[in-house]
file data09.cif (mmCIF, C-alpha atoms)
data_input
loop_
_atom_site.label_atom_id
_atom_site.label_comp_id
_atom_site.auth_asym_id
_atom_site.auth_seq_id
_atom_site.Cartn_x
_atom_site.Cartn_y
_atom_site.Cartn_z
CA MET A 1 -37.18 45.75 -16.76
CA THR A 2 -33.60 44.97 -15.80
CA LEU A 3 -33.09 41.65 -14.11
CA PRO A 4 -30.64 41.56 -11.22
CA VAL A 5 -27.30 40.00 -12.10
CA GLU A 6 -26.34 37.24 -9.73
CA GLU A 7 -22.76 37.30 -8.59
CA PRO A 8 -20.88 33.99 -9.05
CA LEU A 9 -20.54 31.94 -5.93
CA ARG A 10 -17.18 32.28 -4.28
CA PRO A 11 -15.44 29.31 -2.75
CA SER A 12 -15.59 29.30 1.02
CA LEU A 13 -12.45 29.78 3.08
CA GLU A 14 -12.72 26.16 4.24
CA MET A 15 -12.83 24.92 0.64
CA VAL A 16 -9.78 26.98 -0.27
CA ARG A 17 -7.91 25.51 2.71
CA GLN A 18 -8.85 21.95 1.71
CA LEU A 19 -7.73 22.51 -1.89
CA THR A 20 -4.45 24.01 -0.73
CA ASP A 21 -3.82 21.13 1.67
CA ARG A 22 -4.43 18.66 -1.14
CA ARG A 23 -1.98 20.46 -3.42
CA VAL A 24 0.69 20.41 -0.71
CA PHE A 25 0.03 16.70 -0.07
CA GLU A 26 0.34 15.95 -3.81
CA GLN A 27 3.62 17.85 -4.07
CA LEU A 28 5.11 15.91 -1.15
CA LEU A 29 3.98 12.67 -2.77
CA ALA A 30 5.77 13.63 -5.97
CA ALA A 31 9.00 14.89 -4.35
CA SER A 32 9.78 14.69 -0.68
CA PRO A 33 11.24 16.38 1.31
CA LEU A 34 10.53 19.94 0.15
CA THR A 35 10.82 23.31 1.84
CA ARG A 36 7.79 25.58 2.10
CA ALA A 37 9.42 27.88 -0.46
CA ALA A 38 9.90 24.99 -2.89
CA ILE A 39 6.25 23.95 -2.53
CA ALA A 40 5.17 27.54 -3.13
CA ALA A 41 7.31 27.72 -6.27
CA ARG A 42 5.97 24.39 -7.60
CA THR A 43 2.31 25.28 -7.00
CA GLY A 44 2.28 29.02 -7.62
CA ILE A 45 0.64 29.54 -4.23
CA SER A 46 2.03 32.19 -1.91
CA LYS A 47 4.53 31.08 0.72
CA PRO A 48 2.41 32.34 3.67
CA THR A 49 -0.55 30.29 2.41
CA ILE A 50 1.69 27.23 1.98
CA SER A 51 3.13 27.75 5.47
CA GLU A 52 -0.37 27.74 6.96
CA SER A 53 -1.23 24.58 5.04
CA VAL A 54 1.94 22.84 6.23
CA ARG A 55 1.07 23.83 9.81
CA ARG A 56 -2.38 22.25 9.47
CA LEU A 57 -0.92 19.07 7.96
CA ILE A 58 1.64 18.79 10.76
CA GLU A 59 -1.12 19.17 13.35
CA ALA A 60 -3.11 16.48 11.51
CA GLY A 61 -0.14 14.10 11.76
CA VAL A 62 0.32 13.87 7.97
CA VAL A 63 3.51 15.93 7.58
CA VAL A 64 6.67 16.26 9.69
CA GLU A 65 9.60 18.66 9.49
CA ASP A 66 12.78 17.02 8.30
CA GLY A 67 15.65 19.37 9.17
CA LEU A 68 17.27 22.26 7.30
CA GLN A 69 17.71 22.19 3.54
CA LEU A 70 20.82 24.13 2.54
CA GLY A 71 21.94 25.46 -0.80
CA GLY A 72 20.85 28.31 -3.01
CA ARG A 73 20.56 31.94 -2.01
CA GLY A 74 18.97 33.26 1.15
CA ARG A 75 18.29 31.56 4.43
CA ALA A 76 18.11 27.81 4.70
CA GLY A 77 14.57 26.48 4.74
CA THR A 78 13.12 23.75 6.90
CA ALA A 79 12.29 20.75 4.75
CA CYS A 80 8.99 18.93 5.16
CA ARG A 81 8.06 15.38 4.26
CA LEU A 82 5.09 13.09 4.54
CA ARG A 83 4.79 11.17 7.75
CA LEU A 84 4.84 7.74 6.17
CA ASP A 85 3.47 5.97 9.23
CA ALA A 86 0.31 8.08 9.05
CA ALA A 87 -1.33 5.61 6.70
CA ALA A 88 -0.65 2.24 5.09
CA ALA A 89 -2.15 0.25 2.24
CA LEU A 90 -2.86 -3.49 2.36
CA ALA A 91 -2.51 -5.55 -0.85
CA VAL A 92 -3.65 -9.19 -0.83
CA SER A 93 -3.45 -11.88 -3.52
CA VAL A 94 -5.16 -15.25 -3.18
CA GLY A 95 -4.31 -17.91 -5.76
CA PRO A 96 -3.12 -21.48 -6.28
CA ASP A 97 0.47 -20.44 -5.53
CA GLY A 98 -0.57 -19.25 -2.07
CA VAL A 99 -1.69 -16.16 -0.18
CA VAL A 100 0.57 -13.11 -0.59
CA VAL A 101 0.08 -10.07 1.64
CA ASP A 102 2.03 -6.82 1.45
CA THR A 103 1.62 -3.46 3.12
CA PHE A 104 2.87 -0.22 1.58
CA ASP A 105 3.39 3.33 2.73
CA LEU A 106 1.97 6.37 0.94
CA LEU A 107 4.94 6.46 -1.45
CA GLY A 108 4.34 2.85 -2.47
CA GLU A 109 7.34 1.47 -0.56
CA ARG A 110 6.79 -1.97 0.89
CA LEU A 111 6.57 -2.16 4.67
CA ALA A 112 5.75 -5.83 5.29
CA HIS A 113 5.60 -9.03 3.27
CA VAL A 114 3.94 -12.32 4.25
CA GLU A 115 3.38 -15.48 2.21
CA GLN A 116 1.32 -18.51 3.19
CA PRO A 117 1.02 -21.71 1.13
CA VAL A 118 -2.39 -23.20 0.35
CA PRO A 119 -3.41 -26.84 -0.18
CA PRO A 120 -3.48 -28.13 -3.78
CA PRO A 121 -6.57 -27.08 -5.76
CA PRO A 122 -9.46 -27.40 -5.93
CA LEU A 123 -9.62 -25.68 -2.56
CA GLU A 124 -12.78 -25.24 -0.49
CA GLY A 125 -13.37 -21.63 0.47
CA ARG A 126 -13.75 -22.50 4.16
CA GLU A 127 -10.23 -24.01 4.14
CA LEU A 128 -8.83 -20.76 2.85
CA VAL A 129 -10.37 -18.49 5.51
CA PRO A 130 -7.95 -19.19 8.42
CA ILE A 131 -4.94 -19.08 6.06
CA LEU A 132 -5.97 -15.66 4.75
CA GLN A 133 -6.72 -14.29 8.21
CA ALA A 134 -3.37 -15.45 9.61
CA ALA A 135 -1.38 -13.94 6.72
CA VAL A 136 -3.16 -10.59 6.92
CA GLN A 137 -2.85 -10.37 10.69
CA ALA A 138 0.88 -11.11 10.47
CA ALA A 139 1.40 -8.34 7.91
CA VAL A 140 -0.65 -5.82 9.89
CA ARG A 141 1.37 -6.54 13.06
CA GLN A 142 4.57 -5.66 11.17
CA THR A 143 3.15 -2.41 9.78
CA PRO A 144 3.47 0.99 11.48
CA GLY A 145 0.50 3.31 11.10
CA VAL A 146 -3.16 2.79 10.36
CA ILE A 147 -4.34 0.60 7.49
CA ARG A 148 -6.38 3.01 5.36
CA SER A 149 -7.17 0.73 2.40
CA CYS A 150 -7.30 -2.90 1.35
CA ALA A 151 -7.39 -4.39 -2.16
CA VAL A 152 -7.76 -8.14 -2.70
CA SER A 153 -7.14 -10.30 -5.75
CA VAL A 154 -8.86 -13.69 -5.96
CA ALA A 155 -8.11 -16.32 -8.61
CA GLY A 156 -11.75 -16.80 -9.52
CA PRO A 157 -14.84 -14.86 -10.57
CA VAL A 158 -15.91 -12.34 -7.93
CA ASP A 159 -19.40 -10.94 -7.40
CA ARG A 160 -18.88 -7.19 -7.54
CA ARG A 161 -21.96 -6.63 -5.36
CA ASN A 162 -20.55 -8.30 -2.25
CA GLY A 163 -16.99 -9.43 -3.00
CA ALA A 164 -17.95 -13.11 -2.78
CA LEU A 165 -16.86 -15.94 -5.05
CA LEU A 166 -19.29 -16.58 -7.90
CA PRO A 167 -20.12 -20.29 -8.22
CA LEU A 168 -19.35 -21.29 -11.81
CA PRO A 169 -18.52 -24.57 -13.52
CA HIS A 170 -14.91 -25.35 -14.42
CA ALA A 171 -13.41 -23.52 -11.42
CA PRO A 172 -9.78 -24.70 -11.26
CA PHE A 173 -8.82 -23.16 -7.90
CA LEU A 174 -11.59 -22.18 -5.47
CA VAL A 175 -14.92 -23.93 -4.91
CA GLY A 176 -17.71 -23.49 -2.39
CA GLU A 177 -18.38 -20.28 -0.52
CA PHE A 178 -15.70 -17.66 -0.02
CA ALA A 179 -16.18 -13.93 0.60
CA ALA A 180 -12.87 -12.14 1.12
CA ALA A 181 -14.64 -8.86 1.94
CA ASP A 182 -16.41 -10.52 4.87
CA VAL A 183 -13.28 -12.38 6.03
CA LEU A 184 -11.30 -9.12 6.15
CA ALA A 185 -14.08 -6.83 7.37
CA GLY A 186 -12.65 -4.36 9.86
CA VAL A 187 -9.04 -4.55 8.71
CA ALA A 188 -9.55 -1.34 6.70
CA PRO A 189 -12.38 1.16 6.17
CA THR A 190 -13.10 -0.48 2.81
CA VAL A 191 -12.08 -3.81 1.29
CA GLU A 192 -12.11 -3.92 -2.52
CA VAL A 193 -12.17 -7.43 -4.02
CA ASP A 194 -11.84 -8.39 -7.68
CA ASN A 195 -10.62 -11.29 -9.78
CA ASP A 196 -6.94 -11.65 -10.61
CA VAL A 197 -7.24 -10.96 -14.35
CA ASN A 198 -8.96 -7.61 -13.79
CA TRP A 199 -6.13 -6.59 -11.46
CA ALA A 200 -3.58 -7.78 -14.05
CA ALA A 201 -5.29 -5.58 -16.65
CA LEU A 202 -4.91 -2.58 -14.34
CA ALA A 203 -1.19 -3.30 -14.02
CA GLU A 204 -0.78 -3.69 -17.81
CA ARG A 205 -2.52 -0.33 -18.26
CA SER A 206 -0.23 1.27 -15.67
CA HIS A 207 3.18 -0.01 -16.80
CA GLY A 208 2.75 -2.94 -19.15
CA ASN A 209 1.74 -3.37 -22.79
CA ALA A 210 -1.50 -1.38 -22.58
CA THR A 211 -0.17 2.01 -21.48
CA ASP A 212 -1.26 3.51 -24.81
CA LEU A 213 -4.59 1.67 -25.04
CA ASP A 214 -7.74 3.05 -23.42
CA ASP A 215 -9.90 0.19 -24.76
CA VAL A 216 -8.35 -3.24 -24.47
CA VAL A 217 -9.25 -6.89 -23.87
CA LEU A 218 -6.86 -9.12 -21.93
CA ALA A 219 -6.95 -12.90 -22.33
CA TYR A 220 -5.33 -14.98 -19.59
CA LEU A 221 -4.71 -18.58 -20.70
CA GLY A 222 -3.50 -20.93 -18.00
CA ALA A 223 -4.93 -23.64 -15.74
CA GLY A 224 -8.03 -21.47 -15.90
CA VAL A 225 -9.12 -19.24 -18.76
CA GLY A 226 -9.86 -15.66 -17.79
CA GLY A 227 -10.35 -12.31 -19.38
CA ALA A 228 -10.63 -8.64 -18.56
CA VAL A 229 -12.22 -5.75 -20.43
CA MET A 230 -10.99 -2.18 -20.10
CA LEU A 231 -12.94 0.62 -21.77
CA GLY A 232 -12.02 4.27 -21.45
CA GLY A 233 -9.07 3.28 -19.28
CA ARG A 234 -11.33 1.65 -16.67
CA VAL A 235 -11.99 -2.02 -15.99
CA VAL A 236 -15.55 -3.04 -16.88
CA ARG A 237 -17.03 -5.55 -14.44
CA GLY A 238 -20.66 -5.87 -15.53
CA ALA A 239 -23.73 -6.27 -13.34
CA THR A 240 -22.32 -9.13 -11.27
CA GLY A 241 -18.61 -9.04 -12.10
CA MET A 242 -18.68 -11.53 -14.97
CA ALA A 243 -17.68 -9.12 -17.75
CA GLY A 244 -14.68 -10.47 -19.63
CA GLU A 245 -14.96 -14.10 -18.46
CA LEU A 246 -13.53 -15.55 -21.68
CA ALA A 247 -13.83 -19.15 -20.47
CA HIS A 248 -17.59 -19.05 -20.98
CA VAL A 249 -17.66 -17.43 -24.44
CA ARG A 250 -18.86 -19.85 -27.11
CA THR A 251 -16.62 -20.75 -30.02
CA ASP A 252 -16.12 -23.50 -32.61
CA GLY A 253 -14.76 -26.52 -30.79
CA PRO A 254 -13.80 -30.07 -31.67
CA GLY A 255 -15.97 -31.57 -34.40
CA GLY A 256 -17.18 -28.11 -35.40
CA ARG A 257 -19.56 -28.01 -32.44
CA SER A 258 -20.29 -24.76 -30.63
CA ARG A 259 -18.89 -24.96 -27.10
CA THR A 260 -17.64 -22.62 -24.44
CA LEU A 261 -13.90 -22.12 -24.69
CA VAL A 262 -13.17 -24.12 -21.54
CA GLU A 263 -15.44 -26.97 -22.71
CA CYS A 264 -13.20 -27.30 -25.76
CA PHE A 265 -10.31 -28.38 -23.55
CA ALA A 266 -12.45 -31.02 -21.87
CA ALA A 267 -13.41 -32.32 -25.33
CA TRP A 268 -9.73 -32.45 -26.33
CA ASP A 269 -9.02 -34.34 -23.09
CA LEU A 270 -6.62 -31.60 -21.99
CA MET A 271 -7.84 -31.23 -18.41
CA ARG A 272 -5.90 -32.50 -15.43
CA PRO A 273 -7.25 -35.87 -14.29
CA GLY A 274 -10.05 -35.43 -11.74
CA SER A 275 -9.79 -31.66 -12.00
CA GLU A 276 -11.48 -28.66 -13.60
CA ALA A 277 -8.07 -27.22 -14.47
CA ILE A 278 -6.47 -27.19 -17.90
CA ASP A 279 -3.26 -29.24 -18.07
CA VAL A 280 -0.85 -26.39 -18.81
CA SER A 281 2.24 -28.53 -19.44
CA ARG A 282 0.42 -30.72 -21.98
CA VAL A 283 -1.04 -27.73 -23.80
CA ARG A 284 2.36 -26.04 -23.97
CA GLY A 285 3.90 -29.26 -25.23
CA ILE A 286 1.32 -29.48 -28.01
CA LEU A 287 1.79 -25.85 -29.02
CA LEU A 288 5.57 -26.30 -29.24
CA SER A 289 5.46 -29.66 -31.04
CA ASP A 290 6.01 -30.15 -34.77
CA ALA A 291 4.33 -33.57 -34.80
CA PRO A 292 1.44 -33.52 -37.34
CA ALA A 293 -1.23 -34.54 -34.81
CA ASP A 294 -0.03 -31.98 -32.28
CA ARG A 295 0.19 -29.34 -34.98
CA ARG A 296 -3.46 -29.94 -35.88
CA THR A 297 -4.53 -29.75 -32.23
CA GLY A 298 -2.45 -26.61 -31.69
CA ASP A 299 -4.10 -24.98 -34.69
CA ALA A 300 -7.53 -25.98 -33.33
CA ILE A 301 -6.67 -24.43 -29.95
CA ALA A 302 -5.58 -21.20 -31.67
CA ALA A 303 -8.77 -21.18 -33.75
CA ALA A 304 -10.96 -21.71 -30.67
CA VAL A 305 -9.26 -18.87 -28.80
CA ALA A 306 -9.49 -16.64 -31.90
CA GLY A 307 -13.20 -17.43 -32.21
CA ALA A 308 -13.90 -16.49 -28.59
CA LEU A 309 -11.83 -13.33 -28.84
CA GLY A 310 -13.45 -12.46 -32.16
CA SER A 311 -16.88 -12.41 -30.55
CA VAL A 312 -15.66 -10.11 -27.78
CA VAL A 313 -13.90 -7.82 -30.24
CA ALA A 314 -16.95 -7.61 -32.52
CA LEU A 315 -19.13 -6.58 -29.59
CA LEU A 316 -16.80 -4.16 -27.76
CA ASP A 317 -14.63 -2.74 -30.57
CA PRO A 318 -11.43 -2.38 -28.49
CA GLN A 319 -8.21 -0.86 -29.73
CA GLY A 320 -6.25 -3.95 -28.86
CA VAL A 321 -6.05 -7.43 -27.39
CA LEU A 322 -3.38 -8.68 -24.99
CA VAL A 323 -2.77 -12.43 -24.76
CA GLY A 324 -0.79 -14.02 -21.95
CA GLY A 325 -0.78 -16.63 -19.22
CA PRO A 326 1.22 -19.84 -18.71
CA TRP A 327 0.33 -21.34 -22.10
CA GLY A 328 -1.02 -18.22 -23.76
CA SER A 329 2.54 -16.86 -23.76
CA THR A 330 3.96 -19.90 -25.56
CA VAL A 331 6.30 -18.88 -28.37
CA GLY A 332 4.40 -18.48 -31.63
CA PHE A 333 0.92 -18.88 -30.16
CA LEU A 334 -0.08 -15.22 -30.38
CA GLN A 335 0.75 -15.19 -34.11
CA ARG A 336 -1.34 -18.35 -34.64
CA VAL A 337 -4.28 -16.66 -32.93
CA THR A 338 -3.77 -13.42 -34.86
CA ASP A 339 -3.72 -15.31 -38.17
CA ARG A 340 -7.15 -16.74 -37.35
CA MET A 341 -8.79 -13.54 -36.13
CA GLU A 342 -11.37 -12.21 -38.56
CA MET A 343 -10.41 -8.56 -38.32
CA SER A 344 -11.45 -7.51 -41.87
CA GLU A 345 -10.43 -3.88 -42.41
CA ARG A 346 -10.40 -2.75 -38.77
CA ALA A 347 -7.13 -1.91 -37.09
CA LEU A 348 -6.67 -4.11 -34.03
CA VAL A 349 -3.47 -4.24 -32.02
CA MET A 350 -2.54 -7.79 -30.96
CA ARG A 351 0.15 -7.95 -28.28
CA PRO A 352 1.51 -10.30 -25.63
CA THR A 353 1.12 -9.29 -22.02
CA ALA A 354 4.28 -7.64 -20.69
CA LEU A 355 3.98 -8.53 -17.00
CA VAL A 356 4.59 -12.15 -16.10
CA ASP A 357 5.62 -11.99 -12.44
CA ALA A 358 2.37 -11.79 -10.42
CA PRO A 359 0.76 -8.92 -12.39
CA GLU A 360 -2.38 -9.24 -10.28
CA HIS A 361 -0.38 -8.28 -7.20
CA ASP A 362 0.95 -5.27 -9.07
CA GLY A 363 -2.67 -4.32 -9.71
CA VAL A 364 -3.79 -4.60 -6.08
CA ARG A 365 -0.73 -2.63 -4.97
CA ILE A 366 -1.58 0.20 -7.37
CA ARG A 367 -5.20 0.35 -6.20
CA ALA A 368 -4.45 -0.07 -2.49
CA VAL A 369 -1.85 2.73 -2.45
CA ALA A 370 -4.09 5.06 -4.48
CA SER A 371 -7.01 4.37 -2.13
CA ALA A 372 -4.87 5.00 0.97
CA ARG A 373 -3.75 8.34 -0.45
CA GLN A 374 -7.35 9.26 -1.24
CA ALA A 375 -8.41 8.31 2.29
CA VAL A 376 -5.83 10.72 3.70
CA VAL A 377 -6.96 13.47 1.32
CA ASN A 378 -10.61 12.91 2.25
CA ALA A 379 -9.72 13.47 5.88
CA PHE A 380 -8.52 17.03 5.24
#
call {"tool": "encode", "arguments": {"input": "data09.cif", "output": "structure tokens"}}
result
Amino acid sequence: MTLPVEEPLRPSLEMVRQLTDRRVFEQLLAASPLTRAAIAARTGISKPTISESVRRLIEAGVVVEDGLQLGGRGRAGTACRLRLDAAAALAVSVGPDGVVVDTFDLLGERLAHVEQPVPPPPLEGRELVPILQAAVQAAVRQTPGVIRSCAVSVAGPVDRRNGALLPLPHAPFLVGEFAAADVLAGVAPTVEVDNDVNWAALAERSHGNATDLDDVVLAYLGAGVGGAVMLGGRVVRGATGMAGELAHVRTDGPGGRSRTLVECFAAWDLMRPGSEAIDVSRVRGILLSDAPADRRTGDAIAAAVAGALGSVVALLDPQGVLVGGPWGSTVGFLQRVTDRMEMSERALVMRPTALVDAPEHDGVRIRAVASARQAVVNAF
């Protein structure tokens, strides 16, 4: 008995149109303006098919014609470009240096920039709400087009389930209740919130010192201690968002006692008076000092950081570790940590972070622009 052979399913005409529209959109993102003939040549799709796609995108308000493009043989073609006011991306950073809000067009060019100072930390979440709302509203008013995406960086642990601040001990910046996703609900179809170190890791992976590392751990050492884990090129957040929180990893502290890394600084009396924040200037001074007592403390700090990182490395087996932050980037400190890492025979790359000027805002910009582009594509 001969069984009937099923013919493979063919893509529907609507699917073919959507795929073509996406290819045209991608080409105009990469190089704009382009003529229909140039798009056809770059994609290998026939010019009549490209012309129909461009017509649909013009009707959808995504593409506009941009005059004649001369040169070459044959008739001049009409160039097309993305209509940059068709969509905008909102990037927000909330930290002890203030609230920074930028909007970007689909090409990643900045459209608006707003900064608002915040009171000295520790800051109650309810105090931050009106400051954040005012800054975002000011940026949106200056921005042509519809806000299609919003990414938010918060200097503190964020619950990935609802975008709210996770209450943890030793919080140097934000305390109390604060949910950026709720505060900004309605400003964009989706509001993605994460902690600042995770966003910094995304930026390092994009154009920093982790471009060649799919599996990397980033240690941020400043007034607060933070960490990010990236596996397979993607940030790992864990069930609640606590993955990579280096401050709460146990290590050998003063007196040989097992403590969390941040508790070590309290035991060394290196916290700011009346604060949960590490005294950055004092720690940097110790790490740069040649005085015997300071040298011993500096070595103990390096050993404690190496112990915490060693536990993370043993568990996750990353390709590399990046170390940075206000005192983590102190000259010579990375080598002191590396010398104390128990790496045995495994190859582990130890590097400083490359991005020092608000890397978390770089991260939210990357995600916000990518999400805005995807929102436009999904509308095809």
call {"tool": "resolve_selection", "arguments": {"input": "data09.cif", "expression": "the PyMOL selection byres ((chain A and resi 181) around 12)", "output": "PyMOL selection string"}}
result
chain A and resi 92+129+132-133+150-154+158-165+178-180+182-194
call {"tool": "resolve_selection", "arguments": {"input": "data09.cif", "expression": "the PyMOL selection byres ((chain A and resi 19) around 12)", "output": "PyMOL selection string"}}
result
chain A and resi 11-18+20-26+43+45+49-50+53+377-378+380
call {"tool": "axis_aligned_box", "arguments": {"input": "data09.cif", "around": "range 301-308 of chain A", "padding_each_side": "5 Å", "output": "JSON"}}
result
{"center_x": -9.7, "center_y": -20.5, "center_z": -31.2, "size_x": 18.3, "size_y": 17.9, "size_z": 15.2}
call {"tool": "resolve_selection", "arguments": {"input": "data09.cif", "expression": "the PyMOL selection byres ((chain A and resi 233) around 12)", "output": "VMD selection string"}}
result
chain A and resid 201 to 206 210 to 217 229 to 232 234 to 236 318 to 319
call {"tool": "atom_distance", "arguments": {"input": "data09.cif", "atom1": "CA of Arg365 in chain A", "atom2": "CA of Asp105 in chain A"}}
result
10.6 Å
call {"tool": "residues_around", "arguments": {"input": "data09.cif", "residues": "Gly324 in chain A", "least_positions_apart": "2", "cutoff": "6 Å", "atoms": "all atoms listed in the file", "output": "list in words"}}
result
Tyr220, Gly328, Ser329, Pro352 and Thr353 of chain A
call {"tool": "closest_residue", "arguments": {"input": "data09.cif", "among": "A:Leu168, A:Ala40, A:Val197, A:Val146", "to": "Glu360 in chain A", "atoms": "all atoms listed in the file"}}
result
A:Val197
call {"tool": "closest_residue", "arguments": {"input": "data09.cif", "among": "A:Asp252, A:Ala306, A:His170, A:Ala347", "to": "Gly274 in chain A", "atoms": "only C-alpha atoms"}}
result
A:His170
call {"tool": "residues_around", "arguments": {"input": "data09.cif", "residues": "range 108-112 of chain A", "least_positions_apart": "5", "cutoff": "12 Å", "atoms": "all atoms listed in the file", "output": "PDB file with C-alpha atoms, in the coordinates of the input"}}
result
ATOM      1  CA  LEU A  29       3.980  12.670  -2.770  1.00  0.00           C
ATOM      2  CA  ALA A  30       5.770  13.630  -5.970  1.00  0.00           C
ATOM      3  CA  LEU A  84       4.840   7.740   6.170  1.00  0.00           C
ATOM      4  CA  ASP A  85       3.470   5.970   9.230  1.00  0.00           C
ATOM      5  CA  ALA A  87      -1.330   5.610   6.700  1.00  0.00           C
ATOM      6  CA  ALA A  88      -0.650   2.240   5.090  1.00  0.00           C
ATOM      7  CA  ALA A  89      -2.150   0.250   2.240  1.00  0.00           C
ATOM      8  CA  LEU A  90      -2.860  -3.490   2.360  1.00  0.00           C
ATOM      9  CA  ALA A  91      -2.510  -5.550  -0.850  1.00  0.00           C
ATOM     10  CA  VAL A  92      -3.650  -9.190  -0.830  1.00  0.00           C
ATOM     11  CA  VAL A 100       0.570 -13.110  -0.590  1.00  0.00           C
ATOM     12  CA  VAL A 101       0.080 -10.070   1.640  1.00  0.00           C
ATOM     13  CA  ASP A 102       2.030  -6.820   1.450  1.00  0.00           C
ATOM     14  CA  THR A 103       1.620  -3.460   3.120  1.00  0.00           C
ATOM     15  CA  ALA A 135      -1.380 -13.940   6.720  1.00  0.00           C
ATOM     16  CA  VAL A 136      -3.160 -10.590   6.920  1.00  0.00           C
ATOM     17  CA  GLN A 137      -2.850 -10.370  10.690  1.00  0.00           C
ATOM     18  CA  ALA A 138       0.880 -11.110  10.470  1.00  0.00           C
ATOM     19  CA  ALA A 139       1.400  -8.340   7.910  1.00  0.00           C
ATOM     20  CA  VAL A 140      -0.650  -5.820   9.890  1.00  0.00           C
ATOM     21  CA  ARG A 141       1.370  -6.540  13.060  1.00  0.00           C
ATOM     22  CA  GLN A 142       4.570  -5.660  11.170  1.00  0.00           C
ATOM     23  CA  THR A 143       3.150  -2.410   9.780  1.00  0.00           C
ATOM     24  CA  PRO A 144       3.470   0.990  11.480  1.00  0.00           C
ATOM     25  CA  GLY A 145       0.500   3.310  11.100  1.00  0.00           C
ATOM     26  CA  ILE A 147      -4.340   0.600   7.490  1.00  0.00           C
ATOM     27  CA  ASP A 362       0.950  -5.270  -9.070  1.00  0.00           C
ATOM     28  CA  VAL A 364      -3.790  -4.600  -6.080  1.00  0.00           C
ATOM     29  CA  ARG A 365      -0.730  -2.630  -4.970  1.00  0.00           C
ATOM     30  CA  ILE A 366      -1.580   0.200  -7.370  1.00  0.00           C
ATOM     31  CA  ARG A 367      -5.200   0.350  -6.200  1.00  0.00           C
ATOM     32  CA  ALA A 368      -4.450  -0.070  -2.490  1.00  0.00           C
ATOM     33  CA  VAL A 369      -1.850   2.730  -2.450  1.00  0.00           C
ATOM     34  CA  ALA A 370      -4.090   5.060  -4.480  1.00  0.00           C
ATOM     35  CA  SER A 371      -7.010   4.370  -2.130  1.00  0.00           C
ATOM     36  CA  ALA A 372      -4.870   5.000   0.970  1.00  0.00           C
ATOM     37  CA  ARG A 373      -3.750   8.340  -0.450  1.00  0.00           C
TER      38      ARG A 373
END
call {"tool": "atom_distance", "arguments": {"input": "data09.cif", "atom1": "CA of Ala79 in chain A", "atom2": "CA of Gly61 in chain A"}}
result
15.7 Å
call {"tool": "closest_residue", "arguments": {"input": "data09.cif", "among": "A:Ala134, A:Val337, A:Ala277, A:Gly208", "to": "Ala171 in chain A", "atoms": "only C-alpha atoms"}}
result
A:Ala277
call {"tool": "atom_distance", "arguments": {"input": "data09.cif", "atom1": "CA of Thr260 in chain A", "atom2": "CA of Ala304 in chain A"}}
result
9.2 Å
